[in-house]
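Have a look at final06.pdb; it's PDB, C-alpha atoms, pLDDT in the B column:
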ATOM      1  CA  MET A   1      38.344 -31.092 -33.947  1.00 32.00           C
ATOM      2  CA  PRO A   2      36.012 -31.581 -36.942  1.00 35.00           C
ATOM      3  CA  LYS A   3      33.213 -29.103 -37.497  1.00 40.00           C
ATOM      4  CA  GLU A   4      29.661 -30.024 -36.659  1.00 42.00           C
ATOM      5  CA  PRO A   5      27.748 -31.167 -39.769  1.00 42.00           C
ATOM      6  CA  ASP A   6      25.403 -28.201 -39.386  1.00 52.00           C
ATOM      7  CA  ALA A   7      28.176 -25.628 -38.927  1.00 59.00           C
ATOM      8  CA  PRO A   8      27.913 -24.310 -42.534  1.00 87.00           C
ATOM      9  CA  LEU A   9      24.213 -23.515 -42.023  1.00 87.00           C
ATOM     10  CA  ARG A  10      24.939 -21.762 -38.759  1.00 89.00           C
ATOM     11  CA  GLU A  11      27.561 -19.613 -40.481  1.00 91.00           C
ATOM     12  CA  ARG A  12      25.195 -18.931 -43.372  1.00 91.00           C
ATOM     13  CA  LEU A  13      22.581 -17.591 -40.971  1.00 92.00           C
ATOM     14  CA  ILE A  14      25.177 -15.244 -39.503  1.00 93.00           C
ATOM     15  CA  ASP A  15      26.358 -14.234 -42.993  1.00 94.00           C
ATOM     16  CA  VAL A  16      22.789 -13.351 -43.963  1.00 93.00           C
ATOM     17  CA  GLY A  17      22.348 -11.352 -40.770  1.00 93.00           C
ATOM     18  CA  VAL A  18      25.585  -9.465 -41.359  1.00 95.00           C
ATOM     19  CA  GLU A  19      24.535  -8.568 -44.889  1.00 94.00           C
ATOM     20  CA  LEU A  20      21.085  -7.484 -43.712  1.00 92.00           C
ATOM     21  CA  VAL A  21      22.369  -5.210 -40.982  1.00 93.00           C
ATOM     22  CA  ARG A  22      24.892  -3.650 -43.339  1.00 92.00           C
ATOM     23  CA  THR A  23      22.390  -2.949 -46.095  1.00 91.00           C
ATOM     24  CA  GLU A  24      19.103  -2.438 -44.250  1.00 89.00           C
ATOM     25  CA  GLY A  25      19.962  -1.668 -40.623  1.00 87.00           C
ATOM     26  CA  THR A  26      19.132  -3.283 -37.310  1.00 84.00           C
ATOM     27  CA  GLY A  27      15.381  -3.102 -37.857  1.00 81.00           C
ATOM     28  CA  SER A  28      15.664  -5.794 -40.543  1.00 79.00           C
ATOM     29  CA  LEU A  29      17.139  -8.457 -38.254  1.00 82.00           C
ATOM     30  CA  GLY A  30      14.115 -10.624 -37.587  1.00 82.00           C
ATOM     31  CA  LEU A  31      14.582 -14.366 -37.255  1.00 84.00           C
ATOM     32  CA  ARG A  32      11.990 -15.092 -39.934  1.00 85.00           C
ATOM     33  CA  GLU A  33      13.585 -12.724 -42.446  1.00 88.00           C
ATOM     34  CA  ILE A  34      17.050 -14.133 -41.826  1.00 89.00           C
ATOM     35  CA  ALA A  35      15.695 -17.677 -42.242  1.00 89.00           C
ATOM     36  CA  ARG A  36      13.865 -16.730 -45.445  1.00 89.00           C
ATOM     37  CA  ARG A  37      16.955 -15.212 -47.017  1.00 90.00           C
ATOM     38  CA  ALA A  38      19.062 -18.176 -45.931  1.00 90.00           C
ATOM     39  CA  GLY A  39      16.566 -20.492 -47.659  1.00 89.00           C
ATOM     40  CA  VAL A  40      15.537 -22.438 -44.557  1.00 90.00           C
ATOM     41  CA  SER A  41      12.375 -22.839 -42.513  1.00 88.00           C
ATOM     42  CA  HIS A  42      11.547 -20.055 -40.070  1.00 84.00           C
ATOM     43  CA  GLY A  43      12.227 -22.421 -37.154  1.00 85.00           C
ATOM     44  CA  ALA A  44      15.693 -23.470 -38.359  1.00 85.00           C
ATOM     45  CA  PRO A  45      17.644 -20.667 -36.638  1.00 86.00           C
ATOM     46  CA  ARG A  46      16.387 -21.895 -33.256  1.00 86.00           C
ATOM     47  CA  ARG A  47      18.567 -25.002 -33.586  1.00 86.00           C
ATOM     48  CA  TYR A  48      21.673 -22.838 -33.367  1.00 86.00           C
ATOM     49  CA  PHE A  49      20.396 -19.682 -31.676  1.00 87.00           C
ATOM     50  CA  PRO A  50      17.803 -20.392 -28.988  1.00 84.00           C
ATOM     51  CA  THR A  51      16.990 -16.697 -28.638  1.00 85.00           C
ATOM     52  CA  HIS A  52      16.906 -13.710 -30.940  1.00 84.00           C
ATOM     53  CA  GLN A  53      19.553 -12.148 -28.688  1.00 86.00           C
ATOM     54  CA  SER A  54      21.980 -14.978 -29.289  1.00 86.00           C
ATOM     55  CA  LEU A  55      21.754 -14.589 -33.064  1.00 88.00           C
ATOM     56  CA  LEU A  56      22.151 -10.806 -32.853  1.00 89.00           C
ATOM     57  CA  SER A  57      25.172 -11.336 -30.614  1.00 89.00           C
ATOM     58  CA  ALA A  58      26.774 -13.682 -33.145  1.00 90.00           C
ATOM     59  CA  ILE A  59      26.245 -11.035 -35.841  1.00 92.00           C
ATOM     60  CA  ALA A  60      27.675  -8.315 -33.585  1.00 92.00           C
ATOM     61  CA  ARG A  61      30.765 -10.443 -32.908  1.00 91.00           C
ATOM     62  CA  ARG A  62      31.579 -10.251 -36.612  1.00 93.00           C
ATOM     63  CA  GLY A  63      31.528  -6.472 -36.300  1.00 95.00           C
ATOM     64  CA  PHE A  64      33.809  -6.512 -33.270  1.00 94.00           C
ATOM     65  CA  GLY A  65      36.151  -8.810 -35.156  1.00 93.00           C
ATOM     66  CA  ASP A  66      36.369  -6.260 -37.975  1.00 95.00           C
ATOM     67  CA  LEU A  67      36.839  -3.373 -35.551  1.00 96.00           C
ATOM     68  CA  GLY A  68      39.496  -5.307 -33.658  1.00 95.00           C
ATOM     69  CA  ALA A  69      41.405  -5.852 -36.909  1.00 96.00           C
ATOM     70  CA  ARG A  70      41.327  -2.104 -37.537  1.00 97.00           C
ATOM     71  CA  PHE A  71      42.592  -1.433 -34.035  1.00 97.00           C
ATOM     72  CA  LEU A  72      45.409  -3.898 -34.607  1.00 95.00           C
ATOM     73  CA  ALA A  73      46.354  -2.151 -37.847  1.00 97.00           C
ATOM     74  CA  ALA A  74      46.238   1.240 -36.091  1.00 95.00           C
ATOM     75  CA  GLY A  75      48.973   0.093 -33.709  1.00 93.00           C
ATOM     76  CA  ALA A  76      51.034  -1.862 -36.223  1.00 92.00           C
ATOM     77  CA  GLU A  77      53.828   0.710 -36.304  1.00 91.00           C
ATOM     78  CA  ARG A  78      53.942   0.915 -32.493  1.00 91.00           C
ATOM     79  CA  PRO A  79      53.238   4.640 -32.208  1.00 93.00           C
ATOM     80  CA  ALA A  80      53.662   6.584 -28.963  1.00 96.00           C
ATOM     81  CA  PRO A  81      50.631   6.199 -26.650  1.00 96.00           C
ATOM     82  CA  ARG A  82      48.944   9.484 -27.527  1.00 95.00           C
ATOM     83  CA  GLU A  83      49.365   8.932 -31.268  1.00 96.00           C
ATOM     84  CA  HIS A  84      48.152   5.374 -30.805  1.00 97.00           C
ATOM     85  CA  VAL A  85      44.980   6.647 -29.115  1.00 97.00           C
ATOM     86  CA  ARG A  86      44.452   9.118 -31.942  1.00 96.00           C
ATOM     87  CA  ALA A  87      44.863   6.327 -34.481  1.00 96.00           C
ATOM     88  CA  LEU A  88      42.342   4.195 -32.584  1.00 97.00           C
ATOM     89  CA  GLY A  89      39.934   7.122 -32.503  1.00 97.00           C
ATOM     90  CA  ARG A  90      40.146   7.606 -36.247  1.00 96.00           C
ATOM     91  CA  ALA A  91      39.713   3.860 -36.827  1.00 97.00           C
ATOM     92  CA  TYR A  92      36.669   3.800 -34.541  1.00 97.00           C
ATOM     93  CA  VAL A  93      34.941   6.770 -36.141  1.00 97.00           C
ATOM     94  CA  GLY A  94      35.884   5.575 -39.619  1.00 96.00           C
ATOM     95  CA  TYR A  95      34.307   2.189 -38.969  1.00 97.00           C
ATOM     96  CA  ALA A  96      31.161   3.832 -37.628  1.00 96.00           C
ATOM     97  CA  LEU A  97      30.722   5.892 -40.787  1.00 95.00           C
ATOM     98  CA  GLU A  98      31.484   3.009 -43.155  1.00 95.00           C
ATOM     99  CA  GLN A  99      29.292   0.450 -41.363  1.00 95.00           C
ATOM    100  CA  PRO A 100      26.530   2.429 -39.590  1.00 94.00           C
ATOM    101  CA  GLY A 101      24.100  -0.472 -39.252  1.00 94.00           C
ATOM    102  CA  MET A 102      26.653  -2.838 -37.761  1.00 95.00           C
ATOM    103  CA  PHE A 103      28.046  -0.065 -35.553  1.00 95.00           C
ATOM    104  CA  GLU A 104      24.598   0.603 -34.117  1.00 92.00           C
ATOM    105  CA  LEU A 105      24.011  -3.082 -33.383  1.00 92.00           C
ATOM    106  CA  MET A 106      27.402  -3.639 -31.748  1.00 92.00           C
ATOM    107  CA  PHE A 107      26.716  -1.223 -28.925  1.00 89.00           C
ATOM    108  CA  ARG A 108      23.051  -2.026 -28.341  1.00 85.00           C
ATOM    109  CA  HIS A 109      23.664  -4.214 -25.324  1.00 79.00           C
ATOM    110  CA  ASP A 110      19.999  -3.895 -24.484  1.00 77.00           C
ATOM    111  CA  LEU A 111      19.440  -6.100 -27.564  1.00 77.00           C
ATOM    112  CA  LEU A 112      22.459  -8.387 -27.193  1.00 80.00           C
ATOM    113  CA  ASP A 113      23.433 -11.236 -24.900  1.00 69.00           C
ATOM    114  CA  SER A 114      26.839 -10.174 -23.601  1.00 61.00           C
ATOM    115  CA  THR A 115      27.337 -12.913 -21.042  1.00 61.00           C
ATOM    116  CA  GLY A 116      25.469 -16.001 -22.238  1.00 55.00           C
ATOM    117  CA  GLN A 117      27.364 -18.876 -23.798  1.00 49.00           C
ATOM    118  CA  GLU A 118      26.147 -20.290 -27.077  1.00 53.00           C
ATOM    119  CA  PRO A 119      25.225 -23.998 -27.242  1.00 48.00           C
ATOM    120  CA  SER A 120      27.981 -24.376 -29.840  1.00 52.00           C
ATOM    121  CA  GLY A 121      30.570 -23.305 -27.278  1.00 52.00           C
ATOM    122  CA  GLY A 122      31.354 -20.130 -29.223  1.00 57.00           C
ATOM    123  CA  PRO A 123      32.936 -17.144 -27.514  1.00 60.00           C
ATOM    124  CA  ARG A 124      30.787 -14.803 -25.513  1.00 72.00           C
ATOM    125  CA  LEU A 125      30.334 -11.295 -26.873  1.00 78.00           C
ATOM    126  CA  ARG A 126      32.075  -9.785 -23.858  1.00 79.00           C
ATOM    127  CA  GLU A 127      35.221 -11.752 -24.742  1.00 81.00           C
ATOM    128  CA  GLN A 128      35.585  -9.588 -27.844  1.00 80.00           C
ATOM    129  CA  THR A 129      34.327  -6.261 -26.501  1.00 85.00           C
ATOM    130  CA  LEU A 130      36.151  -5.929 -23.187  1.00 89.00           C
ATOM    131  CA  PRO A 131      39.690  -6.449 -24.571  1.00 92.00           C
ATOM    132  CA  LEU A 132      39.179  -3.505 -26.937  1.00 94.00           C
ATOM    133  CA  PHE A 133      38.247  -1.268 -24.028  1.00 95.00           C
ATOM    134  CA  GLY A 134      41.164  -2.702 -22.072  1.00 95.00           C
ATOM    135  CA  LEU A 135      43.526  -1.682 -24.873  1.00 96.00           C
ATOM    136  CA  LEU A 136      42.196   1.880 -24.780  1.00 97.00           C
ATOM    137  CA  THR A 137      42.403   2.004 -20.970  1.00 97.00           C
ATOM    138  CA  GLY A 138      46.013   0.868 -21.008  1.00 97.00           C
ATOM    139  CA  LEU A 139      47.001   3.495 -23.547  1.00 97.00           C
ATOM    140  CA  VAL A 140      45.153   6.243 -21.678  1.00 97.00           C
ATOM    141  CA  GLY A 141      46.990   5.202 -18.505  1.00 95.00           C
ATOM    142  CA  ALA A 142      50.301   5.349 -20.393  1.00 95.00           C
ATOM    143  CA  CYS A 143      49.432   8.936 -21.315  1.00 94.00           C
ATOM    144  CA  GLY A 144      49.350   9.822 -17.607  1.00 91.00           C
ATOM    145  CA  ALA A 145      45.638   9.782 -16.780  1.00 89.00           C
ATOM    146  CA  ALA A 146      45.076   9.521 -13.013  1.00 87.00           C
ATOM    147  CA  ALA A 147      41.952   7.374 -13.385  1.00 93.00           C
ATOM    148  CA  PRO A 148      42.538   5.679 -16.738  1.00 96.00           C
ATOM    149  CA  GLU A 149      39.391   3.549 -16.795  1.00 96.00           C
ATOM    150  CA  VAL A 150      37.131   6.562 -16.200  1.00 96.00           C
ATOM    151  CA  ALA A 151      39.133   8.701 -18.621  1.00 96.00           C
ATOM    152  CA  ALA A 152      38.963   5.965 -21.274  1.00 97.00           C
ATOM    153  CA  ALA A 153      35.195   5.626 -20.806  1.00 97.00           C
ATOM    154  CA  ALA A 154      34.749   9.394 -21.172  1.00 97.00           C
ATOM    155  CA  LEU A 155      36.967   9.418 -24.256  1.00 97.00           C
ATOM    156  CA  TRP A 156      35.018   6.524 -25.768  1.00 97.00           C
ATOM    157  CA  ALA A 157      31.769   8.393 -25.157  1.00 97.00           C
ATOM    158  CA  GLY A 158      33.221  11.459 -26.879  1.00 97.00           C
ATOM    159  CA  LEU A 159      34.359   9.495 -29.923  1.00 98.00           C
ATOM    160  CA  HIS A 160      31.023   7.700 -30.110  1.00 97.00           C
ATOM    161  CA  GLY A 161      29.280  11.065 -30.064  1.00 97.00           C
ATOM    162  CA  VAL A 162      31.473  12.336 -32.890  1.00 97.00           C
ATOM    163  CA  ALA A 163      30.668   9.247 -34.932  1.00 96.00           C
ATOM    164  CA  GLN A 164      26.923   9.573 -34.420  1.00 95.00           C
ATOM    165  CA  LEU A 165      26.672  13.345 -34.882  1.00 96.00           C
ATOM    166  CA  TRP A 166      28.855  13.230 -37.985  1.00 95.00           C
ATOM    167  CA  GLY A 167      26.804  10.405 -39.437  1.00 93.00           C
ATOM    168  CA  TYR A 168      23.571  12.271 -38.694  1.00 93.00           C
ATOM    169  CA  GLY A 169      24.938  15.312 -40.515  1.00 92.00           C
ATOM    170  CA  SER A 170      24.836  17.571 -37.443  1.00 93.00           C
ATOM    171  CA  LEU A 171      28.575  18.175 -37.057  1.00 92.00           C
ATOM    172  CA  PRO A 172      29.184  18.732 -40.796  1.00 90.00           C
ATOM    173  CA  LEU A 173      26.366  21.294 -40.675  1.00 90.00           C
ATOM    174  CA  VAL A 174      27.833  23.358 -37.839  1.00 90.00           C
ATOM    175  CA  LEU A 175      31.370  23.003 -39.187  1.00 87.00           C
ATOM    176  CA  GLY A 176      30.319  23.972 -42.701  1.00 83.00           C
ATOM    177  CA  THR A 177      31.641  20.886 -44.418  1.00 79.00           C
ATOM    178  CA  GLY A 178      30.197  17.941 -46.315  1.00 67.00           C
ATOM    179  CA  THR A 179      29.640  14.454 -44.952  1.00 59.00           C
ATOM    180  CA  GLY A 180      31.407  12.703 -47.822  1.00 57.00           C
ATOM    181  CA  THR A 181      34.941  11.427 -48.224  1.00 56.00           C
ATOM    182  CA  ASP A 182      36.393  14.524 -49.920  1.00 73.00           C
ATOM    183  CA  ASP A 183      39.731  15.716 -48.589  1.00 80.00           C
ATOM    184  CA  GLU A 184      38.375  18.734 -46.731  1.00 83.00           C
ATOM    185  CA  ALA A 185      35.699  16.737 -44.902  1.00 86.00           C
ATOM    186  CA  GLY A 186      38.278  14.069 -44.045  1.00 88.00           C
ATOM    187  CA  ARG A 187      40.678  16.660 -42.631  1.00 89.00           C
ATOM    188  CA  ARG A 188      37.971  18.290 -40.526  1.00 91.00           C
ATOM    189  CA  LEU A 189      36.828  14.940 -39.180  1.00 93.00           C
ATOM    190  CA  ALA A 190      40.387  13.855 -38.315  1.00 93.00           C
ATOM    191  CA  ALA A 191      40.991  17.193 -36.572  1.00 94.00           C
ATOM    192  CA  LEU A 192      37.785  16.744 -34.603  1.00 95.00           C
ATOM    193  CA  VAL A 193      38.802  13.253 -33.477  1.00 96.00           C
ATOM    194  CA  ASP A 194      42.220  14.562 -32.430  1.00 95.00           C
ATOM    195  CA  ALA A 195      40.576  17.403 -30.490  1.00 96.00           C
ATOM    196  CA  VAL A 196      38.389  14.956 -28.572  1.00 96.00           C
ATOM    197  CA  VAL A 197      41.423  12.815 -27.727  1.00 96.00           C
ATOM    198  CA  ASP A 198      43.468  15.800 -26.578  1.00 94.00           C
ATOM    199  CA  ALA A 199      40.579  17.157 -24.519  1.00 94.00           C
ATOM    200  CA  HIS A 200      40.457  13.918 -22.522  1.00 93.00           C
ATOM    201  CA  LEU A 201      44.188  13.255 -22.291  1.00 92.00           C
ATOM    202  CA  GLY A 202      45.289  16.770 -21.463  1.00 78.00           C
ATOM    203  CA  ALA A 203      48.378  18.477 -22.781  1.00 62.00           C
ATOM    204  CA  GLY A 204      50.944  15.843 -21.833  1.00 57.00           C
ATOM    205  CA  PRO A 205      53.954  14.986 -24.055  1.00 52.00           C
ATOM    206  CA  ALA A 206      52.980  11.346 -24.675  1.00 47.00           C
TER     207      ALA A 206
END
Exercise: express the given structure as structure tokens:
Amino acid sequence: MPKEPDAPLRERLIDVGVELVRTEGTGSLGLREIARRAGVSHGAPRRYFPTHQSLLSAIARRGFGDLGARFLAAGAERPAPREHVRALGRAYVGYALEQPGMFELMFRHDLLDSTGQEPSGGPRLREQTLPLFGLLTGLVGACGAAAPEVAAAALWAGLHGVAQLWGYGSLPLVLGTGTGTDDEAGRRLAALVDAVVDAHLGAGPA
């Protein structure tokens, strides 16, 4: 099916939004600013995104696409379930620290439209977010958790907390390490992620 004639402009608006959130954070994502940087009138985005939420959701989908690719890479060697969960945890926290603005936006469902369908027929945000949680739930269940969905949600909350507190500098402070990418900081962060995973999965052999 051929692309709509306006499809390149729609993608450009998303590209501009992605760049803005990565360099200046979620507070920069106004429709007028995105339109200005895309070189179009301030009303142009409304042709493709009838609400601010719908544009933010399209930007967030790019982030979930990137995170999903990292999750796929983390399981490429088909590790055992527990090691797979650890690899996902490291990928998740690593993405959060590399892309803090996008990471913040992706989980602000108070700002996003998770269920609405775009006029263009594009995928809903939930169609990219829920499969990632489903992957984690399945792996947690394979590790022997009695209530895998609850255990996966608790584990996710723990990893999200690690990502935020490390990014804020709080965990490096109490652990006596830097926030950078030096080897020692990387080892401490990986050990912390593994500890969170093990705390939620228990001491099983998986």
The PyMOL selection byres ((chain A and resi 93) around 9) resolved against shown file, as a ChimeraX atom specification: /A:88-92,94-98,159-160,162-164,189,193
Go ahead and write the residues just picked, C-alpha atoms, as a JSON list (two decimals), in the frame of the given file.
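Full text of again-v9.json as output:
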[["chain", "number", "residue", "atom", "x", "y", "z"],
["A", 88, "LEU", "CA", 42.34, 4.20, -32.58],
["A", 89, "GLY", "CA", 39.93, 7.12, -32.50],
["A", 90, "ARG", "CA", 40.15, 7.61, -36.25],
["A", 91, "ALA", "CA", 39.71, 3.86, -36.83],
["A", 92, "TYR", "CA", 36.67, 3.80, -34.54],
["A", 94, "GLY", "CA", 35.88, 5.58, -39.62],
["A", 95, "TYR", "CA", 34.31, 2.19, -38.97],
["A", 96, "ALA", "CA", 31.16, 3.83, -37.63],
["A", 97, "LEU", "CA", 30.72, 5.89, -40.79],
["A", 98, "GLU", "CA", 31.48, 3.01, -43.16],
["A", 159, "LEU", "CA", 34.36, 9.49, -29.92],
["A", 160, "HIS", "CA", 31.02, 7.70, -30.11],
["A", 162, "VAL", "CA", 31.47, 12.34, -32.89],
["A", 163, "ALA", "CA", 30.67, 9.25, -34.93],
["A", 164, "GLN", "CA", 26.92, 9.57, -34.42],
["A", 189, "LEU", "CA", 36.83, 14.94, -39.18],
["A", 193, "VAL", "CA", 38.80, 13.25, -33.48]]
Please report the interatomic distance between CA of Gly144 in chain A and CA of Leu72 in chain A in Å with one decimal.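 Result for CA of Gly144 in chain A versus CA of Leu72 in chain A: 22.2 Å, one decimal.
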Quick one: axis-aligned box around all listed atoms of range 101-107 of chain A, 3 Å on every side, centre and edge lengths in Å to one decimal, written as lines of an AutoDock Vina configuration file.
center_x = 26.0
center_y = -1.5
center_z = -34.1
size_x = 10.0
size_y = 10.2
size_z = 16.3
Select, from A:Gly202, A:Gly101, A:Pro79, A:Gly63, the residue with the minimum atom-to-atom distance to Thr23 in chain A, counting all atoms listed in the file.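 Closest residue, counting all atoms listed in the file: A:Gly101.
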Between A:Arg187, A:Arg78, A:Arg70, A:Arg62, which has the minimum distance to Leu125 in chain A (counting only C-alpha atoms)?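 Checking each of A:Arg187, A:Arg78, A:Arg70, A:Arg62 against Leu125 in chain A, counting only C-alpha atoms, the winner is A:Arg62.
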Which one is closest to Ile14 in chain A: A:Leu55, A:Val174, A:Ala74, A:Ala80? Count all atoms listed in the file.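 Looking at the shortest contact to Ile14 in chain A, the residue is A:Leu55.
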Which residue, A:Cys143, A:His52, A:Leu165, A:Asp183, has the smallest gap to Leu201 in chain A when you use only C-alpha atoms? A:Cys143
Per-residue nearest contacts range 105-178 of chain A to range 81-86 of chain A, cut-off 9 Å, using all atoms listed in the file, as CSV:
residue,atom,partner,partner_atom,distance
A:Leu136,CA,A:Val85,CA,7.0
A:Leu139,CA,A:Pro81,CA,5.5
A:Val140,CA,A:Pro81,CA,7.4
A:Gly141,CA,A:Pro81,CA,9.0
A:Ala142,CA,A:Pro81,CA,6.3
A:Cys143,CA,A:Pro81,CA,6.1
Which residue is closest to Ala157 in chain A? Choose from A:Val196, A:Leu9, A:Leu29, A:Ala35 and count all atoms listed in the file. A:Val196
So what does the PyMOL selection byres ((chain A and resi 132) around 12) actually pick up in this one, as a CSV table (one decimal) with C-alpha atoms, keeping the file's coordinate frame?
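Output saved as result_13.csv:
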chain,number,residue,atom,x,y,z
A,64,PHE,CA,33.8,-6.5,-33.3
A,65,GLY,CA,36.2,-8.8,-35.2
A,66,ASP,CA,36.4,-6.3,-38.0
A,67,LEU,CA,36.8,-3.4,-35.6
A,68,GLY,CA,39.5,-5.3,-33.7
A,69,ALA,CA,41.4,-5.9,-36.9
A,70,ARG,CA,41.3,-2.1,-37.5
A,71,PHE,CA,42.6,-1.4,-34.0
A,72,LEU,CA,45.4,-3.9,-34.6
A,85,VAL,CA,45.0,6.6,-29.1
A,88,LEU,CA,42.3,4.2,-32.6
A,92,TYR,CA,36.7,3.8,-34.5
A,125,LEU,CA,30.3,-11.3,-26.9
A,126,ARG,CA,32.1,-9.8,-23.9
A,127,GLU,CA,35.2,-11.8,-24.7
A,128,GLN,CA,35.6,-9.6,-27.8
A,129,THR,CA,34.3,-6.3,-26.5
A,130,LEU,CA,36.2,-5.9,-23.2
A,131,PRO,CA,39.7,-6.4,-24.6
A,133,PHE,CA,38.2,-1.3,-24.0
A,134,GLY,CA,41.2,-2.7,-22.1
A,135,LEU,CA,43.5,-1.7,-24.9
A,136,LEU,CA,42.2,1.9,-24.8
A,137,THR,CA,42.4,2.0,-21.0
A,138,GLY,CA,46.0,0.9,-21.0
A,139,LEU,CA,47.0,3.5,-23.5
A,152,ALA,CA,39.0,6.0,-21.3
A,153,ALA,CA,35.2,5.6,-20.8
A,156,TRP,CA,35.0,6.5,-25.8
CA of Pro45 in chain A to CA of Val16 in chain A, distance in Å rounded to a single decimal: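 Straight-line distance from CA of Pro45 in chain A to CA of Val16 in chain A works out to 11.6 Å.
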One decimal, Å: what's the distance from CA of Pro148 in chain A over to CA of His200 in chain A, could you say? 10.3 Å
I would like the residues chosen by the PyMOL selection byres ((chain A and resi 40-43) around 12) on the shown file; could you give them as a ChimeraX atom specification? /A:9-10,12-13,16,30-39,44-52
Leaving out Arg188 in chain A and any residue of its chain fewer than 6 positions from it, which residues lie within 9 Å of it when counting only C-alpha atoms, given as a PyMOL selection string? chain A and resi 172+175+177
